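Participant: Supplied structure: input09.cif, mmCIF, C-alpha atoms.
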data_coords
#
loop_
_atom_site.label_atom_id
_atom_site.label_comp_id
_atom_site.auth_asym_id
_atom_site.auth_seq_id
_atom_site.Cartn_x
_atom_site.Cartn_y
_atom_site.Cartn_z
CA LEU A 1 -50.55 46.89 -99.08
CA GLY A 2 -48.30 47.50 -102.07
CA ASP A 3 -44.98 49.30 -101.68
CA LEU A 4 -44.57 50.89 -98.24
CA THR A 5 -42.07 53.65 -97.48
CA ILE A 6 -41.80 54.90 -93.90
CA GLY A 7 -40.52 58.48 -93.60
CA ASP A 8 -39.11 60.90 -96.14
CA GLY A 9 -35.42 60.59 -95.29
CA THR A 10 -35.26 63.96 -93.55
CA ASN A 11 -38.05 64.35 -91.01
CA ALA A 12 -38.71 61.90 -88.19
CA GLY A 13 -41.70 59.68 -88.96
CA THR A 14 -43.13 56.84 -86.89
CA ILE A 15 -45.28 53.83 -87.62
CA ASP A 16 -46.76 52.37 -84.44
CA ALA A 17 -47.65 48.69 -84.79
CA ALA A 18 -47.24 48.14 -81.05
CA THR A 19 -50.39 49.82 -79.70
CA ASN A 20 -52.83 47.49 -81.45
CA ASN A 21 -50.36 44.64 -81.98
CA ALA A 22 -50.99 45.03 -85.70
CA ALA A 23 -50.36 42.36 -88.31
CA VAL A 24 -49.31 43.74 -91.70
CA THR A 25 -49.35 42.06 -95.12
CA LEU A 26 -47.19 43.65 -97.82
CA ARG A 27 -47.40 42.76 -101.51
CA GLY A 28 -44.68 45.28 -102.42
CA ASN A 29 -41.30 46.50 -101.24
CA LEU A 30 -40.68 47.82 -97.72
CA THR A 31 -38.38 50.81 -97.28
CA ILE A 32 -37.58 52.54 -94.00
CA ALA A 33 -36.14 55.98 -94.67
CA ALA A 34 -33.42 57.62 -92.61
CA ASN A 35 -34.73 59.12 -89.33
CA ALA A 36 -37.88 57.00 -89.41
CA VAL A 37 -39.02 54.87 -86.45
CA TYR A 38 -40.92 51.58 -86.52
CA ALA A 39 -42.52 50.52 -83.22
CA LYS A 40 -42.93 46.78 -83.63
CA ALA A 41 -45.90 44.65 -82.65
CA SER A 42 -45.30 42.25 -79.79
CA SER A 43 -46.61 39.23 -81.70
CA GLY A 44 -48.25 40.39 -84.93
CA ASN A 45 -46.33 39.42 -88.07
CA ILE A 46 -45.18 41.41 -91.04
CA LEU A 47 -46.16 39.07 -93.85
CA LEU A 48 -44.04 39.70 -96.96
CA ALA A 49 -45.89 37.98 -99.77
CA ARG A 50 -45.37 39.61 -103.15
CA GLY A 51 -45.35 36.43 -105.19
CA ARG A 52 -42.11 37.46 -106.92
CA ALA A 53 -38.95 39.40 -105.97
CA GLN A 54 -39.53 41.69 -102.98
CA SER A 55 -37.07 43.93 -101.13
CA LEU A 56 -36.58 45.09 -97.55
CA THR A 57 -34.43 48.21 -97.13
CA ASP A 58 -33.69 50.02 -93.87
CA ASN A 59 -31.83 53.31 -94.28
CA THR A 60 -31.77 54.22 -90.58
CA ALA A 61 -28.40 54.30 -88.85
CA SER A 62 -29.12 51.76 -86.11
CA LYS A 63 -31.70 49.68 -88.04
CA GLN A 64 -35.26 49.28 -86.75
CA ASP A 65 -36.39 46.04 -85.13
CA ILE A 66 -39.46 45.42 -87.28
CA GLY A 67 -40.68 42.42 -85.26
CA ASN A 68 -41.68 39.01 -86.56
CA VAL A 69 -41.30 38.64 -90.33
CA GLN A 70 -42.72 35.85 -92.46
CA VAL A 71 -41.92 35.25 -96.14
CA SER A 72 -44.93 33.71 -97.87
CA ALA A 73 -46.40 33.03 -101.29
CA ASN A 74 -48.99 35.11 -103.12
CA THR A 75 -50.24 32.55 -105.64
CA THR A 76 -46.64 32.35 -106.89
CA ASN A 77 -43.52 32.21 -104.76
CA THR A 78 -41.77 35.13 -103.07
CA THR A 79 -38.05 35.88 -102.95
CA LEU A 80 -37.20 38.41 -100.24
CA ASN A 81 -33.96 40.30 -100.96
CA LEU A 82 -32.33 42.54 -98.39
CA GLY A 83 -31.62 45.97 -99.84
CA SER A 84 -29.57 46.87 -96.75
CA SER A 85 -28.76 45.40 -93.40
CA ALA A 86 -31.91 44.70 -91.37
CA LYS A 87 -33.03 43.90 -87.84
CA MET A 88 -36.04 41.85 -86.81
CA THR A 89 -37.24 39.75 -83.88
CA SER A 90 -37.65 36.60 -85.94
CA LEU A 91 -37.68 35.44 -89.54
CA SER A 92 -39.80 32.58 -90.85
CA ILE A 93 -39.37 31.38 -94.44
CA ASP A 94 -42.31 29.32 -95.66
CA ALA A 95 -41.94 26.24 -97.84
CA SER A 96 -40.87 27.07 -101.43
CA GLN A 97 -40.12 30.70 -100.49
CA THR A 98 -36.65 32.27 -100.55
CA PHE A 99 -34.72 34.72 -98.40
CA SER A 100 -31.49 36.26 -99.71
CA ALA A 101 -28.99 38.42 -97.84
CA ASN A 102 -28.35 39.81 -101.33
CA GLY A 103 -24.68 40.65 -100.86
CA SER A 104 -22.83 41.64 -97.71
CA ASN A 105 -25.86 42.77 -95.71
CA THR A 106 -26.28 41.85 -92.04
CA LEU A 107 -29.44 40.24 -90.67
CA THR A 108 -29.74 40.76 -86.91
CA LEU A 109 -32.26 38.59 -85.07
CA THR A 110 -33.19 39.92 -81.63
CA GLY A 111 -35.60 37.18 -80.58
CA SER A 112 -34.98 34.13 -78.43
CA GLY A 113 -36.08 30.54 -78.95
CA ALA A 114 -36.55 29.77 -82.66
CA ALA A 115 -35.67 33.18 -84.09
CA LEU A 116 -34.96 31.74 -87.55
CA LEU A 117 -37.25 29.13 -89.11
CA VAL A 118 -36.32 27.91 -92.58
CA ASN A 119 -38.81 25.71 -94.40
CA GLY A 120 -37.87 27.20 -97.76
CA THR A 121 -34.53 28.46 -99.08
CA PHE A 122 -31.98 30.53 -97.16
CA ASN A 123 -29.45 32.19 -99.48
CA GLN A 124 -26.55 33.39 -97.35
CA SER A 125 -24.84 35.28 -100.22
CA THR A 126 -21.84 37.09 -98.61
CA GLY A 127 -23.90 38.34 -95.68
CA THR A 128 -23.87 37.99 -91.91
CA VAL A 129 -26.47 36.58 -89.53
CA ASN A 130 -26.22 37.74 -85.91
CA PHE A 131 -28.31 36.09 -83.20
CA ILE A 132 -28.57 38.42 -80.19
CA GLY A 133 -31.58 37.09 -78.23
CA ASP A 134 -31.43 37.62 -74.46
CA ALA A 135 -32.57 34.08 -73.55
CA ALA A 136 -31.83 30.57 -74.83
CA THR A 137 -31.82 30.63 -78.63
CA THR A 138 -31.71 27.95 -81.31
CA VAL A 139 -29.36 28.42 -84.26
CA PRO A 140 -30.60 26.34 -87.21
CA GLY A 141 -28.22 24.10 -89.10
CA LEU A 142 -27.56 25.97 -92.35
CA THR A 143 -24.74 27.21 -94.52
CA TYR A 144 -23.85 30.72 -93.36
CA TYR A 145 -21.29 33.12 -94.77
CA ASN A 146 -20.62 34.99 -91.51
CA LEU A 147 -22.34 33.89 -88.31
CA GLY A 148 -22.38 35.63 -84.94
CA VAL A 149 -23.99 34.80 -81.59
CA GLY A 150 -24.19 37.21 -78.67
CA THR A 151 -22.46 39.84 -80.77
CA THR A 152 -24.00 42.93 -79.19
CA SER A 153 -22.64 44.63 -76.07
CA ASP A 154 -25.14 44.28 -73.20
CA SER A 155 -25.52 43.66 -69.48
CA ASN A 156 -28.01 40.80 -69.85
CA ALA A 157 -27.59 37.43 -68.20
CA ALA A 158 -25.44 34.90 -70.03
CA VAL A 159 -27.18 33.27 -73.00
CA THR A 160 -26.64 29.87 -74.64
CA TYR A 161 -27.11 29.67 -78.41
CA THR A 162 -27.57 26.03 -79.45
CA LEU A 163 -26.78 24.71 -82.92
CA ASN A 164 -29.57 22.27 -83.79
CA ALA A 165 -27.94 20.55 -86.80
CA ASP A 166 -24.65 20.33 -88.68
CA SER A 167 -23.63 23.67 -90.18
CA THR A 168 -21.02 25.38 -92.33
CA VAL A 169 -19.64 28.89 -91.88
CA GLN A 170 -17.91 29.98 -95.06
CA SER A 171 -16.10 33.03 -93.69
CA ILE A 172 -16.08 34.04 -89.98
CA LEU A 173 -17.81 32.69 -86.87
CA THR A 174 -17.93 35.12 -83.93
CA VAL A 175 -18.99 34.25 -80.38
CA GLY A 176 -19.72 36.95 -77.78
CA HIS A 177 -18.91 40.64 -77.48
CA ALA A 178 -15.88 41.70 -75.45
CA SER A 179 -17.76 44.63 -73.86
CA SER A 180 -20.68 42.56 -72.54
CA THR A 181 -21.08 42.04 -68.81
CA ASN A 182 -21.55 38.27 -69.06
CA SER A 183 -20.27 35.55 -71.36
CA ASP A 184 -22.46 33.99 -74.05
CA THR A 185 -22.05 30.41 -75.24
CA LEU A 186 -22.34 28.64 -78.57
CA ASP A 187 -23.26 25.00 -77.89
CA ILE A 188 -22.35 22.64 -80.75
CA THR A 189 -22.79 19.41 -78.78
CA ASN A 190 -23.11 16.42 -81.13
CA ARG A 191 -22.98 18.66 -84.21
CA VAL A 192 -20.44 19.02 -87.00
CA LEU A 193 -19.51 22.65 -87.49
CA THR A 194 -17.37 23.26 -90.56
CA LEU A 195 -15.38 26.49 -90.77
CA SER A 196 -14.23 26.88 -94.36
CA GLY A 197 -13.01 30.49 -94.26
CA SER A 198 -9.37 31.44 -94.70
CA GLY A 199 -7.30 33.62 -92.38
CA THR A 200 -9.09 33.75 -88.99
CA PRO A 201 -12.36 31.88 -89.46
CA PHE A 202 -13.19 31.68 -85.73
CA VAL A 203 -13.31 34.67 -83.38
CA ILE A 204 -14.16 33.89 -79.78
CA THR A 205 -14.12 37.04 -77.67
CA THR A 206 -13.25 37.36 -73.99
CA LYS A 207 -17.00 37.13 -73.32
CA GLY A 208 -17.60 34.12 -75.54
CA THR A 209 -17.55 30.37 -74.83
CA LEU A 210 -17.72 27.31 -77.08
CA SER A 211 -19.34 24.18 -75.66
CA VAL A 212 -18.47 20.93 -77.42
CA VAL A 213 -19.44 18.38 -74.77
CA GLY A 214 -20.22 15.03 -76.36
CA SER A 215 -19.38 16.16 -79.89
#
Show me this structure written as C-alpha cells.

Facilitator:
Amino acid sequence: LGDLTIGDGTNAGTIDAATNNAAVTLRGNLTIAANAVYAKASSGNILLARGRAQSLTDNTASKQDIGNVQVSANTTNTTLNLGSSAKMTSLSIDASQTFSANGSNTLTLTGSGAALLVNGTFNQSTGTVNFIGDAATTVPGLTYYNLGVGTTSDSNAAVTYTLNADSTVQSILTVGHASSTNSDTLDITNRVLTLSGSGTPFVITTKGTLSVVGS
C-alpha cells in the first residue's frame, strides 16, 4: 500500500486487522484521523518500508495501539518519523533503518518481553518512550530523552522492567504511576544508568521501585 489514512476526522471509522490477524506492508505514510479506530492484529506486523522518509501520525485523543511495527528497507533505507505521539505493542528497527521521535512526541509500547528491538538507529530527539507492558519487559540500553516504565494507571500485577545494557536519560526518568494498584520496578542491576537532565531528572512515584542489587 501507498499512503493510508484511516477515517475522515469527523465520523468514526474502523480498520479491523484482528479478525484475520492481518499483516500490512505500507510504502507510504500512515495517518489515523480523529475518531478512527484501529483493531490490531495479535501477531501480524505493520511493515513500514518506504525506502525513504515515512511518517506515522495518530490524531486520536487516546492513541490507537496499532500492534507490532517493523521499520524495514525498500531497496533503499527507511526513516520513520513520528508525526504525533503513537502507541504500539512493539517496535522493531531493522539494520540500517532509522526511527525518530521527531520532536517531543511520546512513543508508548504496550507489549511485554522485547517490546523495542533496535538493530538500526534510534533517534530519541526530545521525545519520550514509555514502556507499559503488563508482564516482565526488557528495556534496551539506549540514549533516551525521557524514559518511563509502568507509567500508566492500572490494577495489573507488579511488573519488573529490566535494563539490558548501560543507558543515558537526557531529561527525566519516571518509574511507576501513583494511581496504580501495585508497584512496578526498574531493575538496573549491573548496569550504568546516566541521568544527565537538570532540575529533577529522576521521578520515582509511590508505586515505583528501583532495584540496583549488584550494580

Participant: The PyMOL selection byres ((chain A and resi 193-203) around 7) - which residues does that actually catch in the file I just gave you? List them as a compact mmCIF listing (two decimals) with C-alpha atoms, keeping the file's coordinate frame.

Facilitator:
# COMPACT_ATOMS: atom_id res chain seq x y z
CA ASP A 166 -24.65 20.33 -88.68
CA SER A 167 -23.63 23.67 -90.18
CA THR A 168 -21.02 25.38 -92.33
CA VAL A 169 -19.64 28.89 -91.88
CA GLN A 170 -17.91 29.98 -95.06
CA SER A 171 -16.10 33.03 -93.69
CA ILE A 172 -16.08 34.04 -89.98
CA LEU A 173 -17.81 32.69 -86.87
CA THR A 174 -17.93 35.12 -83.93
CA VAL A 175 -18.99 34.25 -80.38
CA ARG A 191 -22.98 18.66 -84.21
CA VAL A 192 -20.44 19.02 -87.00
CA ILE A 204 -14.16 33.89 -79.78
CA THR A 205 -14.12 37.04 -77.67

Participant: Taking into account all atoms listed in the file, which residue in the set A:Gly103, A:Gly7, A:Gly176, A:Gly67 is nearest to A:Val37?

Facilitator: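 Under the stated criterion, the closest residue is A:Gly7.
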
Participant: To verify the selection step, state as a list of chain:residue names which residues the PyMOL selection byres ((chain A and resi 126) around 9) yields on this input.

Facilitator: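 Here the PyMOL selection byres ((chain A and resi 126) around 9) matches A:Ala101, A:Asn102, A:Gly103, A:Ser104, A:Asn105, A:Gln124, A:Ser125, A:Gly127, A:Thr128, A:Tyr144, A:Tyr145, A:Asn146, A:Gln170, A:Ser171.
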
Participant: Selection in question (the file shown): the PyMOL selection byres ((chain A and resi 80) around 6). Which residues does it include, as a PyMOL selection string?

Facilitator: chain A and resi 54-55+79+81+99

Participant: State, in Å with one decimal place, the distance from atom CA of A:Leu109 to atom CA of A:Asp3.

Facilitator: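 Calculated distance between atom CA of A:Leu109 and atom CA of A:Asp3 is 23.5 Å.
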
Participant: Hey, can you check how far atom CA of A:Asn164 sits from atom CA of A:Val69?

Facilitator: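 Taking atom CA of A:Asn164 as the start and atom CA of A:Val69 as the end point, the length is 21.2 Å.
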
Participant: Write out as a VMD selection string which residues come within 12 Å of A:Ala165 when counting all atoms listed in the file, dropping same-chain ones fewer than 6 positions away.

Facilitator: chain A and resid 138 to 143 187 to 194 215

Participant: Write out, as a PDB file, in the coordinates of the input, the residues just selected, with C-alpha atoms.

Facilitator:
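Final file, result_26.pdb:
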ATOM      1  CA  THR A 138     -31.710  27.950 -81.310  1.00  0.00           C
ATOM      2  CA  VAL A 139     -29.360  28.420 -84.260  1.00  0.00           C
ATOM      3  CA  PRO A 140     -30.600  26.340 -87.210  1.00  0.00           C
ATOM      4  CA  GLY A 141     -28.220  24.100 -89.100  1.00  0.00           C
ATOM      5  CA  LEU A 142     -27.560  25.970 -92.350  1.00  0.00           C
ATOM      6  CA  THR A 143     -24.740  27.210 -94.520  1.00  0.00           C
ATOM      7  CA  ASP A 187     -23.260  25.000 -77.890  1.00  0.00           C
ATOM      8  CA  ILE A 188     -22.350  22.640 -80.750  1.00  0.00           C
ATOM      9  CA  THR A 189     -22.790  19.410 -78.780  1.00  0.00           C
ATOM     10  CA  ASN A 190     -23.110  16.420 -81.130  1.00  0.00           C
ATOM     11  CA  ARG A 191     -22.980  18.660 -84.210  1.00  0.00           C
ATOM     12  CA  VAL A 192     -20.440  19.020 -87.000  1.00  0.00           C
ATOM     13  CA  LEU A 193     -19.510  22.650 -87.490  1.00  0.00           C
ATOM     14  CA  THR A 194     -17.370  23.260 -90.560  1.00  0.00           C
ATOM     15  CA  SER A 215     -19.380  16.160 -79.890  1.00  0.00           C
TER      16      SER A 215
END

Participant: Using only C-alpha atoms, which residue out of A:Leu163, A:Ile6, A:Ala33, A:Ala95 lies closest to A:Thr76?

Facilitator: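 Selected residue with least distance to A:Thr76: A:Ala95.
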
Participant: Go through A:Ile32, A:Ala22, A:Ala41, A:Ala178 and flag the residue nearest A:Asp8, using all atoms listed in the file for the distances.

Facilitator: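 Distance minimum relative to A:Asp8 lands on A:Ile32.
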